[in-house]
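Chemist: Contents of my_file.cif (mmCIF, C-alpha atoms):
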```
data_data
#
loop_
_atom_site.label_atom_id
_atom_site.label_comp_id
_atom_site.auth_asym_id
_atom_site.auth_seq_id
_atom_site.Cartn_x
_atom_site.Cartn_y
_atom_site.Cartn_z
CA MET C 624 12.36 17.88 -4.20
CA SER C 625 13.47 14.22 -4.38
CA ILE C 626 11.52 11.88 -2.11
CA ARG C 627 12.64 8.35 -1.29
CA LEU C 628 9.84 5.99 -0.33
CA LEU C 629 9.97 2.47 1.03
CA VAL C 630 6.84 0.52 0.08
CA PHE C 631 6.56 -2.73 2.02
CA ASP C 632 4.24 -5.72 1.72
CA SER C 633 4.30 -9.45 2.41
CA GLY C 634 4.23 -10.12 -1.32
CA VAL C 635 3.40 -8.32 -4.56
CA GLY C 636 -0.09 -7.17 -3.58
CA GLY C 637 1.32 -3.85 -2.40
CA LEU C 638 1.98 -3.01 -6.04
CA SER C 639 -1.70 -2.01 -6.18
CA VAL C 640 -0.82 0.79 -3.74
CA LEU C 641 2.48 1.59 -5.44
CA LYS C 642 0.60 2.00 -8.73
CA GLU C 643 -1.47 4.85 -7.29
CA ILE C 644 1.55 6.49 -5.65
CA ARG C 645 3.33 6.31 -9.00
CA ARG C 646 0.33 7.87 -10.71
CA ARG C 647 0.30 10.87 -8.37
CA VAL C 648 4.03 11.35 -7.75
CA PRO C 649 5.92 9.58 -10.56
CA THR C 650 9.15 11.38 -9.63
CA ALA C 651 9.44 9.62 -6.25
CA ASP C 652 12.39 7.29 -5.80
CA ILE C 653 10.71 4.07 -4.67
CA LEU C 654 12.09 0.88 -3.19
CA TYR C 655 9.49 -1.86 -3.13
CA VAL C 656 10.19 -4.70 -0.70
CA ALA C 657 8.20 -7.94 -0.74
CA ASP C 658 8.66 -10.04 2.38
CA ASP C 659 8.47 -13.33 0.51
CA ALA C 660 10.47 -15.05 3.24
CA ALA C 661 7.45 -14.68 5.54
CA PHE C 662 4.52 -14.78 3.06
CA PRO C 663 1.61 -15.09 3.73
CA TYR C 664 1.16 -12.90 6.80
CA GLY C 665 -2.44 -13.96 7.30
CA ASP C 666 -1.33 -17.30 8.72
CA TRP C 667 0.99 -15.84 11.41
CA GLU C 668 0.17 -15.40 15.08
CA ASP C 669 0.09 -11.73 16.11
CA GLU C 670 3.12 -11.36 18.37
CA PRO C 671 5.64 -13.24 16.20
CA LEU C 672 4.43 -11.34 13.15
CA LYS C 673 4.69 -8.00 14.93
CA ALA C 674 8.25 -8.73 16.09
CA HIS C 675 9.25 -9.91 12.62
CA VAL C 676 7.84 -6.94 10.71
CA VAL C 677 9.15 -4.32 13.16
CA ALA C 678 12.64 -5.83 13.00
CA THR C 679 12.60 -6.23 9.21
CA ILE C 680 11.46 -2.66 8.56
CA GLY C 681 13.95 -1.37 11.12
CA ARG C 682 16.79 -2.98 9.19
CA LEU C 683 15.48 -1.56 5.91
CA ILE C 684 15.22 1.95 7.35
CA ALA C 685 18.79 1.77 8.67
CA ARG C 686 20.10 0.62 5.30
CA GLU C 687 17.96 2.64 2.87
CA ALA C 688 17.23 5.88 4.79
CA PRO C 689 13.78 6.49 3.27
CA ASP C 690 11.88 9.73 3.83
CA ALA C 691 8.73 7.73 4.60
CA VAL C 692 7.50 4.15 4.75
CA VAL C 693 4.25 2.89 3.25
CA ILE C 694 3.02 -0.36 4.81
CA ALA C 695 1.01 -1.64 1.83
CA CYS C 696 -0.51 -4.51 3.81
CA ASN C 697 -3.65 -4.52 5.94
CA THR C 698 -2.53 -7.44 8.11
CA ALA C 699 0.74 -5.75 9.03
CA SER C 700 -0.64 -2.21 9.31
CA THR C 701 -3.34 -3.13 11.79
CA LEU C 702 -0.66 -4.65 14.02
CA VAL C 703 2.67 -2.78 13.78
CA LEU C 704 2.10 0.92 13.12
CA PRO C 705 2.17 2.11 16.76
CA ALA C 706 5.40 0.22 17.44
CA LEU C 707 7.10 1.54 14.31
CA ARG C 708 6.07 5.12 15.00
CA ALA C 709 7.45 4.83 18.54
CA LEU C 710 10.81 3.63 17.24
CA HIS C 711 11.37 5.81 14.18
CA ALA C 712 10.98 9.53 13.53
CA ILE C 713 10.02 9.24 9.86
CA PRO C 714 6.37 9.17 8.72
CA PHE C 715 4.54 5.88 8.25
CA VAL C 716 1.46 5.46 6.07
CA GLY C 717 -0.54 2.33 6.71
CA THR C 718 -3.23 0.42 4.87
CA VAL C 719 -6.34 -0.33 6.87
CA PRO C 720 -9.70 -1.77 5.81
CA ALA C 721 -11.80 0.89 4.06
CA ILE C 722 -14.80 0.24 6.29
CA LYS C 723 -15.60 3.91 6.86
CA PRO C 724 -16.11 4.84 3.17
CA ALA C 725 -18.06 1.64 2.61
CA ALA C 726 -20.39 2.44 5.51
CA GLU C 727 -20.79 6.04 4.34
CA THR C 728 -21.84 5.04 0.83
CA THR C 729 -23.82 1.81 1.28
CA ARG C 730 -27.42 2.00 0.21
CA SER C 731 -28.54 -1.34 1.60
CA GLY C 732 -26.66 -1.11 4.90
CA VAL C 733 -25.06 -4.52 4.23
CA VAL C 734 -21.28 -4.46 3.77
CA GLY C 735 -18.83 -7.27 3.15
CA VAL C 736 -15.16 -7.16 4.13
CA LEU C 737 -12.78 -9.52 2.31
CA SER C 738 -9.56 -9.84 4.28
CA THR C 739 -6.94 -12.27 5.51
CA PRO C 740 -7.65 -14.20 8.72
CA GLY C 741 -5.18 -11.95 10.57
CA THR C 742 -6.92 -8.74 9.54
CA MET C 743 -10.33 -10.23 10.27
CA ARG C 744 -9.51 -11.09 13.88
CA ARG C 745 -7.64 -7.87 14.64
CA ASP C 746 -9.07 -5.54 17.30
CA TYR C 747 -8.27 -2.62 14.99
CA THR C 748 -10.71 -3.97 12.40
CA ARG C 749 -13.43 -4.45 15.01
CA ALA C 750 -12.88 -0.89 16.21
CA LEU C 751 -13.37 0.44 12.68
CA ILE C 752 -16.69 -1.36 12.50
CA ARG C 753 -17.73 -0.10 15.93
CA ASP C 754 -16.73 3.50 15.22
CA PHE C 755 -17.83 3.90 11.60
CA ALA C 756 -20.27 1.12 10.69
CA ALA C 757 -22.36 0.57 13.81
CA SER C 758 -25.56 1.09 11.83
CA CYS C 759 -24.56 -1.43 9.15
CA HIS C 760 -24.59 -5.18 9.00
CA VAL C 761 -20.93 -6.03 8.32
CA ARG C 762 -19.88 -9.51 7.21
CA LEU C 763 -16.17 -10.14 7.86
CA VAL C 764 -14.66 -12.85 5.68
CA GLY C 765 -11.10 -13.94 6.40
CA SER C 766 -9.67 -15.88 3.46
CA SER C 767 -6.35 -17.70 3.75
CA GLU C 768 -6.36 -18.56 0.04
CA LEU C 769 -7.29 -15.40 -1.86
CA ALA C 770 -3.93 -13.61 -1.48
CA PRO C 771 -1.95 -16.66 -2.69
CA LEU C 772 -4.42 -16.99 -5.57
CA ALA C 773 -3.79 -13.34 -6.49
CA GLU C 774 -0.02 -13.90 -6.36
CA ALA C 775 -0.39 -16.92 -8.62
CA ALA C 776 -2.55 -14.98 -11.06
CA MET C 777 0.04 -12.19 -11.21
CA ARG C 778 2.64 -14.82 -12.15
CA GLY C 779 0.40 -15.86 -15.03
CA GLU C 780 -0.63 -19.16 -13.51
CA PRO C 781 -4.14 -20.47 -14.33
CA ILE C 782 -6.62 -20.02 -11.49
CA GLU C 783 -9.89 -21.89 -11.46
CA ASP C 784 -13.05 -19.78 -11.21
CA ALA C 785 -14.38 -22.17 -8.58
CA ALA C 786 -11.42 -21.45 -6.28
CA ILE C 787 -12.07 -17.69 -6.36
CA ARG C 788 -15.85 -18.08 -6.11
CA PHE C 789 -15.50 -20.26 -3.00
CA GLU C 790 -13.47 -17.56 -1.22
CA ILE C 791 -15.74 -14.60 -2.02
CA GLU C 792 -19.24 -16.05 -1.76
CA PRO C 793 -19.45 -15.76 2.07
CA ALA C 794 -19.21 -11.97 1.72
CA PHE C 795 -22.48 -11.91 -0.24
CA ILE C 796 -25.43 -12.11 2.13
CA GLU C 797 -29.05 -11.05 2.42
CA VAL C 798 -30.37 -9.46 5.62
CA GLU C 799 -34.12 -8.88 5.86
CA GLY C 800 -34.39 -8.58 2.10
CA ARG C 801 -31.34 -6.31 1.76
CA ARG C 802 -28.27 -7.52 -0.09
CA THR C 803 -24.60 -6.75 0.26
CA ASP C 804 -23.88 -3.76 -1.98
CA LYS C 805 -20.31 -2.81 -0.92
CA ILE C 806 -17.34 -5.11 -0.47
CA VAL C 807 -14.14 -3.81 1.09
CA LEU C 808 -10.96 -5.24 -0.40
CA ALA C 809 -9.03 -5.44 2.86
CA CYS C 810 -5.89 -6.97 1.36
CA THR C 811 -3.75 -5.17 -1.21
CA HIS C 812 -3.47 -8.35 -3.28
CA TYR C 813 -7.16 -8.48 -4.02
CA PRO C 814 -7.43 -5.57 -6.51
CA PHE C 815 -5.30 -7.61 -8.91
CA LEU C 816 -8.20 -10.08 -9.10
CA LEU C 817 -10.84 -7.38 -9.47
CA ASP C 818 -12.02 -8.35 -12.97
CA ARG C 819 -12.39 -11.95 -11.87
CA LEU C 820 -14.10 -10.96 -8.62
CA ALA C 821 -16.66 -8.85 -10.49
CA ALA C 822 -17.30 -11.58 -13.05
CA LEU C 823 -17.78 -14.29 -10.41
CA ALA C 824 -19.84 -12.26 -7.91
CA PRO C 825 -23.35 -13.59 -7.24
CA TRP C 826 -24.66 -10.07 -7.91
CA PRO C 827 -23.12 -6.66 -8.73
CA VAL C 828 -21.50 -4.75 -5.86
CA ASP C 829 -19.14 -1.81 -5.46
CA TRP C 830 -15.63 -3.02 -4.64
CA ILE C 831 -13.82 -0.60 -2.30
CA ASP C 832 -10.08 -0.36 -2.97
CA PRO C 833 -8.23 2.08 -0.65
CA ALA C 834 -5.11 2.41 -2.85
CA ASP C 835 -5.89 5.90 -4.16
CA ALA C 836 -6.70 7.18 -0.66
CA ILE C 837 -3.34 5.86 0.54
CA ALA C 838 -1.54 7.63 -2.31
CA ARG C 839 -3.34 10.87 -1.48
CA ARG C 840 -2.27 10.47 2.15
CA VAL C 841 1.37 10.10 1.08
CA VAL C 842 1.14 13.28 -1.00
CA SER C 843 -0.50 15.20 1.86
CA LEU C 844 1.72 13.92 4.67
CA LEU C 845 4.96 14.74 2.84
CA GLY C 846 3.74 18.05 1.47
CA LEU C 847 4.21 16.90 -2.11
CA THR C 848 2.68 18.33 -5.23
CA ALA C 849 0.96 15.77 -7.40
CA ALA C 850 2.57 15.78 -10.86
CA PRO C 851 0.91 13.02 -12.86
CA ASP C 852 2.47 14.19 -16.14
CA ALA C 853 6.06 14.11 -14.90
CA PRO C 854 8.46 11.43 -16.18
CA LEU C 855 8.52 8.20 -14.20
CA ALA C 856 11.58 7.90 -11.98
CA PRO C 857 13.22 4.46 -11.94
CA GLY C 858 12.54 2.37 -8.87
CA THR C 859 13.82 -0.89 -7.49
CA ALA C 860 12.25 -4.00 -6.01
CA GLN C 861 13.69 -6.68 -3.79
CA LEU C 862 12.67 -9.85 -1.98
CA THR C 863 13.54 -10.32 1.68
CA SER C 864 14.60 -13.89 0.96
CA GLY C 865 17.45 -12.60 -1.19
CA LYS C 866 16.28 -14.82 -4.04
CA PRO C 867 15.99 -13.51 -7.60
CA TRP C 868 12.54 -12.38 -8.63
CA PRO C 869 10.56 -15.08 -10.48
CA SER C 870 10.85 -14.51 -14.21
CA ALA C 871 7.05 -14.46 -14.52
CA LEU C 872 6.94 -11.35 -12.29
CA LEU C 873 9.58 -9.34 -14.14
CA PRO C 874 7.05 -7.92 -16.66
CA VAL C 875 4.83 -6.93 -13.71
CA LEU C 876 7.69 -5.04 -12.06
CA ALA C 877 8.57 -3.36 -15.36
CA ARG C 878 4.98 -2.21 -15.74
CA PHE C 879 5.40 -0.25 -12.50
CA GLY C 880 8.82 1.14 -13.41
CA LEU C 881 10.72 -1.19 -11.05
CA GLU C 882 14.01 -2.92 -11.63
CA PRO C 883 14.69 -6.11 -9.62
CA ARG C 884 17.52 -5.79 -7.13
#
```
Would you write out, as structure tokens, the structure that this file holds?
Modeler:
Amino acid sequence: MSIRLLVFDSGVGGLSVLKEIRRRVPTADILYVADDAAFPYGDWEDEPLKAHVVATIGRLIAREAPDAVVIACNTASTLVLPALRALHAIPFVGTVPAIKPAAETTRSGVVGVLSTPGTMRRDYTRALIRDFAASCHVRLVGSSELAPLAEAAMRGEPIEDAAIRFEIEPAFIEVEGRRTDKIVLACTHYPFLLDRLAALAPWPVDWIDPADAIARRVVSLLGLTAAPDAPLAPGTAQLTSGKPWPSALLPVLARFGLEPR
């Protein structure tokens, strides 16, 4: 059974989700779309961003006819999923902050959430905390710089340790002698900085990346059979700006079996 998936993000962070989908269902025909024309989403106001993403994905669905769409972006997912599901009959899989698993596994009861400013202020995020982490102390940190830093790092540009440390340190707190022990990576860009995050952390924590859970949801929702040993099907990647992909990112795309369009 051939499945065509559209994987959508504001930039290249969604490749962290695509990687796990590829690992579980390598035979899927995947189009990866990075909305570079509107990056970064975290700086947008809610209503203009919602209108933009709904319209952009609508055009992509009409042109590409995917079997399902994966919104590999927390900022977009927490805002546009209801509208997209009301407009289109195909399945949508979103990416939302992994607050529930963090709350279920914390030992100290102190959880950090690293996100964009848009995800941090979203009612959806607050509802996750209310519903699943009411007994925890949750520190929400909305960084406007960490996603661009991750994009730069993926292009091979040098990133100062101090710049990363400045963005993550507010997520590390002590509450009545208990320290943060789980940090939710609530932006799909952030896993690409994971080695640097771990090295620069004030103390060791568990970093919660939801990418594998999203991939498992895709497999379950579409009734697929995971086939990790199957040959990798070729995929394509495009930028909404219509510009060619930066040469520094071509090796990254190739690593995930994607050809630039």
Chemist: For Ser864 (chain C), which residue among C:Phe662, C:Phe789, C:Tyr655, C:Tyr813 is the nearest when counting all atoms listed in the file?
Modeler: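 Smallest distance to Ser864 (chain C) is found for C:Phe662.
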Chemist: Apply the PyMOL selection byres ((chain C and resi 815) around 12) to the displayed file and report the matching residues as a PyMOL selection string.
Modeler: chain C and resi 635-640+642+769-779+808+810-814+816-821+832+834+875
Chemist: Give me the residues near region 837-845 of chain C as a count of residues only, where near means some atom within 12 Å (using only C-alpha atoms) and where sequence neighbours in that chain fewer than 3 positions away do not count.
Modeler: 47
Chemist: On this structure, which residues satisfy the PyMOL selection byres ((chain C and resi 724) around 12), written as an MDAnalysis selection string?
Modeler: chainID C and resid 719:723 725:729 734 751:752 755:756 805:808 829:833 836
Chemist: Grab the CA of Pro854 (chain C) to CA of Asp652 (chain C) distance for me, in Å with one decimal place.
Modeler: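 Distance between the two atoms: 11.8 Å.
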Chemist: Would you mind reading off the distance between CA of Ala871 (chain C) and CA of Pro857 (chain C), one decimal, in Å?
Modeler: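 Straight-line distance from CA of Ala871 (chain C) to CA of Pro857 (chain C) works out to 20.1 Å.
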Chemist: Suppose you want the space between CA of Thr859 (chain C) and CA of Leu876 (chain C); what is it in Å?
Modeler: 8.7 Å
Chemist: Need to verify the contact set: Trp868 (chain C), 9 Å, all atoms listed in the file, exclusion of same-chain residues closer than 6 positions in sequence. Can you return it as a list of chain:residue names?
Modeler: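 My reading of the contact set: C:Ala860, C:Gln861, C:Leu862, C:Pro883, C:Arg884.
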Chemist: Just C-alpha atoms for this one: save the residues we selected as an mmCIF file, in the coordinates of the input.
Modeler:
```
data_model
loop_
_atom_site.group_PDB
_atom_site.id
_atom_site.type_symbol
_atom_site.label_atom_id
_atom_site.label_comp_id
_atom_site.auth_asym_id
_atom_site.auth_seq_id
_atom_site.Cartn_x
_atom_site.Cartn_y
_atom_site.Cartn_z
ATOM 1 C CA ALA C 860 12.250 -4.000 -6.010
ATOM 2 C CA GLN C 861 13.690 -6.680 -3.790
ATOM 3 C CA LEU C 862 12.670 -9.850 -1.980
ATOM 4 C CA PRO C 883 14.690 -6.110 -9.620
ATOM 5 C CA ARG C 884 17.520 -5.790 -7.130
#
```
Chemist: Out of C:Ala699, C:Lys866, C:Pro689, C:Ser731, which residue has the shortest atom-to-atom distance to Tyr747 (chain C) when counting all atoms listed in the file?
Modeler: C:Ala699
Chemist: Could you tell me, as a list in words, which residues have any atom at most 9 Å from (6.1, -13.8, 1.3), counting all atoms listed in the file?
Modeler: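 In the file's frame, the residues around the point are Asp632, Ser633, Gly634, Val635, Ala657, Asp658, Asp659, Ala660, Ala661, Phe662, Pro663, Tyr664, Leu862, Thr863 and Ser864 of chain C.
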Chemist: Since the input is missing atoms for region 743-766 of chain C, could you rebuild it with N, CA and C atoms and give the result as a PDB file, in the coordinates of the input?
Modeler:
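Final output, saved to out.pdb:
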```
ATOM      1  N   MET C 743      -8.964 -10.007   9.800  1.00  0.00           N
ATOM      2  CA  MET C 743     -10.330 -10.230  10.270  1.00  0.00           C
ATOM      3  C   MET C 743     -10.403 -10.278  11.798  1.00  0.00           C
ATOM      4  N   ARG C 744      -9.424 -10.922  12.428  1.00  0.00           N
ATOM      5  CA  ARG C 744      -9.510 -11.090  13.880  1.00  0.00           C
ATOM      6  C   ARG C 744      -8.917  -9.921  14.667  1.00  0.00           C
ATOM      7  N   ARG C 745      -8.342  -8.949  13.959  1.00  0.00           N
ATOM      8  CA  ARG C 745      -7.640  -7.870  14.640  1.00  0.00           C
ATOM      9  C   ARG C 745      -8.610  -6.931  15.355  1.00  0.00           C
ATOM     10  N   ASP C 746      -8.258  -6.504  16.553  1.00  0.00           N
ATOM     11  CA  ASP C 746      -9.070  -5.540  17.300  1.00  0.00           C
ATOM     12  C   ASP C 746      -9.244  -4.251  16.517  1.00  0.00           C
ATOM     13  N   TYR C 747      -8.210  -3.861  15.774  1.00  0.00           N
ATOM     14  CA  TYR C 747      -8.270  -2.620  14.990  1.00  0.00           C
ATOM     15  C   TYR C 747      -9.446  -2.678  14.007  1.00  0.00           C
ATOM     16  N   THR C 748      -9.615  -3.824  13.362  1.00  0.00           N
ATOM     17  CA  THR C 748     -10.710  -3.970  12.400  1.00  0.00           C
ATOM     18  C   THR C 748     -12.052  -3.875  13.106  1.00  0.00           C
ATOM     19  N   ARG C 749     -12.167  -4.510  14.247  1.00  0.00           N
ATOM     20  CA  ARG C 749     -13.430  -4.450  15.010  1.00  0.00           C
ATOM     21  C   ARG C 749     -13.736  -3.021  15.457  1.00  0.00           C
ATOM     22  N   ALA C 750     -12.680  -2.280  15.798  1.00  0.00           N
ATOM     23  CA  ALA C 750     -12.880  -0.890  16.210  1.00  0.00           C
ATOM     24  C   ALA C 750     -13.381  -0.037  15.054  1.00  0.00           C
ATOM     25  N   LEU C 751     -12.875  -0.300  13.848  1.00  0.00           N
ATOM     26  CA  LEU C 751     -13.370   0.440  12.680  1.00  0.00           C
ATOM     27  C   LEU C 751     -14.861   0.194  12.476  1.00  0.00           C
ATOM     28  N   ILE C 752     -15.265  -1.048  12.648  1.00  0.00           N
ATOM     29  CA  ILE C 752     -16.690  -1.360  12.500  1.00  0.00           C
ATOM     30  C   ILE C 752     -17.498  -0.673  13.588  1.00  0.00           C
ATOM     31  N   ARG C 753     -17.019  -0.732  14.803  1.00  0.00           N
ATOM     32  CA  ARG C 753     -17.730  -0.100  15.930  1.00  0.00           C
ATOM     33  C   ARG C 753     -17.849   1.414  15.738  1.00  0.00           C
ATOM     34  N   ASP C 754     -16.768   2.044  15.287  1.00  0.00           N
ATOM     35  CA  ASP C 754     -16.730   3.500  15.220  1.00  0.00           C
ATOM     36  C   ASP C 754     -17.412   4.063  13.970  1.00  0.00           C
ATOM     37  N   PHE C 755     -17.378   3.315  12.865  1.00  0.00           N
ATOM     38  CA  PHE C 755     -17.830   3.900  11.600  1.00  0.00           C
ATOM     39  C   PHE C 755     -18.959   3.126  10.926  1.00  0.00           C
ATOM     40  N   ALA C 756     -19.255   1.912  11.390  1.00  0.00           N
ATOM     41  CA  ALA C 756     -20.270   1.120  10.690  1.00  0.00           C
ATOM     42  C   ALA C 756     -21.247   0.476  11.668  1.00  0.00           C
ATOM     43  N   ALA C 757     -21.485   1.138  12.783  1.00  0.00           N
ATOM     44  CA  ALA C 757     -22.360   0.570  13.810  1.00  0.00           C
ATOM     45  C   ALA C 757     -23.784   0.373  13.304  1.00  0.00           C
ATOM     46  N   SER C 758     -24.193   1.198  12.350  1.00  0.00           N
ATOM     47  CA  SER C 758     -25.560   1.090  11.830  1.00  0.00           C
ATOM     48  C   SER C 758     -25.672   0.123  10.663  1.00  0.00           C
ATOM     49  N   CYS C 759     -24.570  -0.508  10.280  1.00  0.00           N
ATOM     50  CA  CYS C 759     -24.560  -1.430   9.150  1.00  0.00           C
ATOM     51  C   CYS C 759     -24.467  -2.875   9.638  1.00  0.00           C
ATOM     52  N   HIS C 760     -24.874  -3.766   8.780  1.00  0.00           N
ATOM     53  CA  HIS C 760     -24.590  -5.180   9.000  1.00  0.00           C
ATOM     54  C   HIS C 760     -23.310  -5.489   8.225  1.00  0.00           C
ATOM     55  N   VAL C 761     -22.235  -5.813   8.937  1.00  0.00           N
ATOM     56  CA  VAL C 761     -20.930  -6.030   8.320  1.00  0.00           C
ATOM     57  C   VAL C 761     -20.572  -7.511   8.397  1.00  0.00           C
ATOM     58  N   ARG C 762     -20.323  -8.111   7.251  1.00  0.00           N
ATOM     59  CA  ARG C 762     -19.880  -9.510   7.210  1.00  0.00           C
ATOM     60  C   ARG C 762     -18.369  -9.539   6.965  1.00  0.00           C
ATOM     61  N   LEU C 763     -17.614  -9.987   7.968  1.00  0.00           N
ATOM     62  CA  LEU C 763     -16.170 -10.140   7.860  1.00  0.00           C
ATOM     63  C   LEU C 763     -15.842 -11.525   7.330  1.00  0.00           C
ATOM     64  N   VAL C 764     -15.055 -11.571   6.280  1.00  0.00           N
ATOM     65  CA  VAL C 764     -14.660 -12.850   5.680  1.00  0.00           C
ATOM     66  C   VAL C 764     -13.139 -12.900   5.624  1.00  0.00           C
ATOM     67  N   GLY C 765     -12.545 -13.795   6.386  1.00  0.00           N
ATOM     68  CA  GLY C 765     -11.100 -13.940   6.400  1.00  0.00           C
ATOM     69  C   GLY C 765     -10.671 -15.116   5.539  1.00  0.00           C
ATOM     70  N   SER C 766     -10.088 -14.835   4.394  1.00  0.00           N
ATOM     71  CA  SER C 766      -9.670 -15.880   3.460  1.00  0.00           C
ATOM     72  C   SER C 766      -8.171 -16.121   3.581  1.00  0.00           C
TER      73      SER C 766
END
```
